[in-house]
Amino acid sequence: MGLCFALTLTACHHKTNTQQQTTQALKYAQGFTILQHDHYKELVVTNPWVPGEILNRYYLVKHDTTTVPTDGYKIKVPIKTIGITSSTHVPFLQLLTEESSVVGICSPQLIYSQNIRERYAKRQIADMGDALNINTEQVIKLRPDILMATAYNNSDSHIEQLKRVGISIVYNIEWMETSLLARAEWIKFMAAFYDKDAMADSIFQDIEAKYIYLEQLAATAKEKPSILSGGNFRGTWYVPAGNSYMGKLFQDAGATYFYANNKETGSLPLTLETVLANFSNADFWVGSSATSMKELRNMDEKHTLFNAYKQNHVYNFNKRTTPDGANDFWETGVARPDLILADLIKILHPELLPEHQLFFSCHLE
């Protein structure tokens, strides 16, 4: 999406030296900072594609008359209405009890939240098109207090048009974080626009505590079974890089992962032959796109060569899905990494969580 007010960190000097300024502590998230000034709050979103550059600034005020610097958006809080372009924004709003503020969504078929789906069916929420092809006329008609967009490393003509007519664009780049807890900590970013900082801190502390407990529990496992992830997509098999949030998840869950020492983020594109060479003996296979062992075999006969297939240790993340393609793993999972970790520990070390019922995951039959 378009880069708004692309300013380098060294280029911005605020004429507010007489003001008191404190920085809200963030433990994991790298993509934003929150600064509390005397009369307003400053949110800074950094550019993940250009180190040291700022993607945007937001000055949050409680009174329209409050004077703020001119190098960012001035937004009155708490906001009353929001347009969201990604299903990943939904779980944070749920936790903050602010789902009712949603007036527009992109790709409604990909939203899992029953509340959002029902309100959309009743036409209480409008369809704003696709995140990469936003219906600008609909957004202008709605005029939400903010439009929360998922920034990409390229310009977007629709976003630029909306900025020109005065729509406040807020970039949320939680998806660029490299750990599950870092992604979940973006609840503090969302909460700032609703003036619910204390609530967000409390919610995140609870999620973090659950995650750390599970991580420490997994560390007590006597064995570390090996793990394979993903599947073949149009001739390429994408597996998590060692420094990606999924790669780190495998480590936290007490698994042995072939690319654990890989320093890249994101995904590694591999051939089926490479995956077979590196993962043929893996004990478990998670994140398969198949819904049954038969379907997995029919997708490619070579899938039967994996030890995880032979041992019937294959799982997907499709337990909470809708017929039209929404998957709660990619929605609630962003804000509740403890549930993802609990599932993986249950799969790898069932004796550690005997009472846990898989939340996002399904065992292929």
# chains A, B, ... in the order shown; residues from 1 in each chain; ligands from 1
>>> select_by_dssp(residues="segment 134-308 of chain A", states="helix (DSSP H, G or I)", output="MDAnalysis selection string")
chainID A and resid 136:142 157:164 174:176 180:184 187:192 197:218 245:252 272:279 293:299 301:305 307:308
>>> select_by_dssp(residues="segment 167-348 of chain A", states="strand (DSSP E or B)", output="PyMOL selection string")
chain A and resi 169-171+226-229+232-233+236-240+256+267-270+284-286+314-316+321+327
>>> atom_distance(atom1="atom CA of Glu355 of chain A", atom2="atom CA of Val334 of chain A")
23.2 Å
>>> residues_around(residues="Gln24 of chain A", least_positions_apart="2", cutoff="9 Å", atoms="only C-alpha atoms", output="ChimeraX atom specification")
/A:22,26,33-36
>>> closest_atom_pairs(of="segment 17-67 of chain A", to="segment 184-206 of chain A", cutoff="8 Å", atoms="only C-alpha atoms", output="tab-separated table")
residue	atom	partner	partner_atom	distance
A:Leu26	CA	A:Glu185	CA	7.7
A:Tyr28	CA	A:Glu185	CA	6.9
A:Ala29	CA	A:Glu185	CA	6.1
A:Phe32	CA	A:Phe189	CA	7.7
A:Ile34	CA	A:Phe189	CA	7.9
A:Leu43	CA	A:Phe189	CA	7.8
A:Leu60	CA	A:Phe193	CA	7.2
>>> write_last_selection(atoms="all heavy atoms", output="mmCIF file, in the first residue's frame")
data_model
loop_
_atom_site.group_PDB
_atom_site.id
_atom_site.type_symbol
_atom_site.label_atom_id
_atom_site.label_comp_id
_atom_site.auth_asym_id
_atom_site.auth_seq_id
_atom_site.Cartn_x
_atom_site.Cartn_y
_atom_site.Cartn_z
ATOM 1 N N LEU A 26 7.225 -1.587 25.190
ATOM 2 C CA LEU A 26 6.816 -2.709 24.353
ATOM 3 C C LEU A 26 7.867 -3.804 24.522
ATOM 4 O O LEU A 26 9.059 -3.542 24.425
ATOM 5 C CB LEU A 26 6.709 -2.290 22.886
ATOM 6 C CG LEU A 26 5.679 -1.207 22.560
ATOM 7 C CD1 LEU A 26 5.808 -0.793 21.097
ATOM 8 C CD2 LEU A 26 4.261 -1.690 22.853
ATOM 9 N N TYR A 28 7.950 -6.920 22.765
ATOM 10 C CA TYR A 28 8.227 -7.782 21.621
ATOM 11 C C TYR A 28 8.080 -7.070 20.274
ATOM 12 O O TYR A 28 8.895 -7.270 19.375
ATOM 13 C CB TYR A 28 7.296 -9.012 21.628
ATOM 14 C CG TYR A 28 7.329 -9.778 22.925
ATOM 15 C CD1 TYR A 28 6.410 -9.521 23.944
ATOM 16 C CD2 TYR A 28 8.290 -10.760 23.148
ATOM 17 C CE1 TYR A 28 6.440 -10.224 25.135
ATOM 18 C CE2 TYR A 28 8.326 -11.476 24.332
ATOM 19 C CZ TYR A 28 7.402 -11.208 25.330
ATOM 20 O OH TYR A 28 7.442 -11.905 26.507
ATOM 21 N N ALA A 29 7.045 -6.279 20.113
ATOM 22 C CA ALA A 29 6.758 -5.631 18.831
ATOM 23 C C ALA A 29 7.861 -4.661 18.434
ATOM 24 O O ALA A 29 8.347 -3.886 19.264
ATOM 25 C CB ALA A 29 5.412 -4.914 18.887
ATOM 26 N N PHE A 32 6.224 -0.554 15.849
ATOM 27 C CA PHE A 32 5.629 0.719 16.274
ATOM 28 C C PHE A 32 6.149 1.097 17.654
ATOM 29 O O PHE A 32 6.650 0.270 18.413
ATOM 30 C CB PHE A 32 4.102 0.641 16.291
ATOM 31 C CG PHE A 32 3.520 -0.171 17.423
ATOM 32 C CD1 PHE A 32 3.050 0.448 18.577
ATOM 33 C CD2 PHE A 32 3.435 -1.556 17.339
ATOM 34 C CE1 PHE A 32 2.507 -0.296 19.618
ATOM 35 C CE2 PHE A 32 2.893 -2.312 18.376
ATOM 36 C CZ PHE A 32 2.430 -1.675 19.514
ATOM 37 N N ILE A 34 5.005 3.961 21.014
ATOM 38 C CA ILE A 34 3.977 4.850 21.559
ATOM 39 C C ILE A 34 4.647 5.830 22.513
ATOM 40 O O ILE A 34 5.302 5.419 23.477
ATOM 41 C CB ILE A 34 2.880 4.071 22.300
ATOM 42 C CG1 ILE A 34 2.210 3.053 21.358
ATOM 43 C CG2 ILE A 34 1.841 5.030 22.873
ATOM 44 C CD1 ILE A 34 1.138 2.217 22.034
ATOM 45 N N LEU A 43 1.911 7.959 18.059
ATOM 46 C CA LEU A 43 2.179 6.609 17.585
ATOM 47 C C LEU A 43 3.055 6.693 16.339
ATOM 48 O O LEU A 43 2.728 7.427 15.401
ATOM 49 C CB LEU A 43 0.885 5.862 17.230
ATOM 50 C CG LEU A 43 0.212 5.061 18.352
ATOM 51 C CD1 LEU A 43 -0.276 6.000 19.451
ATOM 52 C CD2 LEU A 43 -0.937 4.243 17.808
ATOM 53 N N LEU A 60 -2.647 11.392 18.602
ATOM 54 C CA LEU A 60 -3.973 11.108 19.140
ATOM 55 C C LEU A 60 -4.313 12.136 20.210
ATOM 56 O O LEU A 60 -3.581 12.304 21.189
ATOM 57 C CB LEU A 60 -4.001 9.698 19.729
ATOM 58 C CG LEU A 60 -3.458 8.578 18.825
ATOM 59 C CD1 LEU A 60 -3.699 7.213 19.456
ATOM 60 C CD2 LEU A 60 -4.061 8.645 17.429
#
>>> residues_around(residues="Val165 of chain A", least_positions_apart="2", cutoff="12 Å", atoms="only C-alpha atoms", output="JSON, numbers by chain")
{"A": [136, 137, 139, 140, 141, 143, 158, 159, 160, 161, 162, 163, 167, 168, 169]}
>>> closest_residue(among="A:Thr88, A:Asn172, A:Leu96, A:Glu118", to="Thr46 of chain A", atoms="only C-alpha atoms")
A:Asn172
>>> atom_distance(atom1="atom CA of Ile227 of chain A", atom2="atom CA of Leu348 of chain A")
8.8 Å
>>> atom_distance(atom1="atom CA of Pro225 of chain A", atom2="atom CA of Asp283 of chain A")
5.9 Å
>>> closest_residue(among="A:Phe306, A:Trp330, A:Tyr120, A:Tyr315", to="Val102 of chain A", atoms="only C-alpha atoms")
A:Tyr120
>>> closest_residue(among="A:Lys62, A:Lys224, A:His313, A:Arg297", to="Tyr257 of chain A", atoms="only C-alpha atoms")
A:Lys224
>>> closest_residue(among="A:Glu99, A:Asp130, A:Asp156, A:Glu174", to="Val45 of chain A", atoms="only C-alpha atoms")
A:Glu174
>>> residues_around(residues="Asp252 of chain A", least_positions_apart="4", cutoff="8 Å", atoms="only C-alpha atoms", output="list in words")
Glu215, Ala218, Ala219, Lys248 and Leu341 of chain A
>>> write_last_selection(atoms="C-alpha atoms", output="JSON list (two decimals), in the first residue's frame")
[["chain", "number", "residue", "atom", "x", "y", "z"],
["A", 215, "GLU", "CA", 6.84, -22.59, 26.44],
["A", 218, "ALA", "CA", 7.33, -27.73, 26.46],
["A", 219, "ALA", "CA", 10.94, -27.35, 27.59],
["A", 248, "LYS", "CA", 10.26, -19.76, 16.42],
["A", 341, "LEU", "CA", 1.25, -23.02, 21.02]]
>>> residues_around(residues="Leu272 of chain A", least_positions_apart="6", cutoff="10 Å", atoms="only C-alpha atoms", output="PDB file with N, CA and C atoms, in the first residue's frame")
ATOM      1  N   GLY A 231       2.976 -27.381   2.593  1.00  0.00           N
ATOM      2  CA  GLY A 231       2.647 -28.298   1.515  1.00  0.00           C
ATOM      3  C   GLY A 231       3.077 -27.750   0.173  1.00  0.00           C
ATOM      4  N   ASN A 232       2.935 -28.581  -0.821  1.00  0.00           N
ATOM      5  CA  ASN A 232       3.335 -28.240  -2.183  1.00  0.00           C
ATOM      6  C   ASN A 232       2.281 -27.343  -2.826  1.00  0.00           C
ATOM      7  N   PHE A 233       2.694 -26.162  -3.293  1.00  0.00           N
ATOM      8  CA  PHE A 233       1.765 -25.219  -3.935  1.00  0.00           C
ATOM      9  C   PHE A 233       2.299 -24.843  -5.303  1.00  0.00           C
ATOM     10  N   GLY A 235       3.992 -26.444  -7.471  1.00  0.00           N
ATOM     11  CA  GLY A 235       5.366 -26.849  -7.727  1.00  0.00           C
ATOM     12  C   GLY A 235       6.383 -26.349  -6.731  1.00  0.00           C
ATOM     13  N   THR A 236       5.953 -25.518  -5.778  1.00  0.00           N
ATOM     14  CA  THR A 236       6.872 -25.000  -4.757  1.00  0.00           C
ATOM     15  C   THR A 236       6.318 -25.301  -3.369  1.00  0.00           C
ATOM     16  N   TRP A 237       7.196 -25.778  -2.507  1.00  0.00           N
ATOM     17  CA  TRP A 237       6.822 -26.081  -1.125  1.00  0.00           C
ATOM     18  C   TRP A 237       7.427 -25.000  -0.238  1.00  0.00           C
ATOM     19  N   TYR A 238       6.560 -24.233   0.409  1.00  0.00           N
ATOM     20  CA  TYR A 238       7.016 -23.149   1.273  1.00  0.00           C
ATOM     21  C   TYR A 238       7.079 -23.634   2.718  1.00  0.00           C
ATOM     22  N   ASN A 278      15.142 -33.394   3.170  1.00  0.00           N
ATOM     23  CA  ASN A 278      15.350 -32.815   4.500  1.00  0.00           C
ATOM     24  C   ASN A 278      14.324 -33.242   5.546  1.00  0.00           C
ATOM     25  N   LYS A 302       3.747 -38.747  -3.974  1.00  0.00           N
ATOM     26  CA  LYS A 302       5.005 -38.675  -3.231  1.00  0.00           C
ATOM     27  C   LYS A 302       4.803 -38.290  -1.771  1.00  0.00           C
ATOM     28  N   HIS A 303       3.630 -37.752  -1.445  1.00  0.00           N
ATOM     29  CA  HIS A 303       3.353 -37.439  -0.046  1.00  0.00           C
ATOM     30  C   HIS A 303       3.411 -38.692   0.824  1.00  0.00           C
TER      31      HIS A 303
END
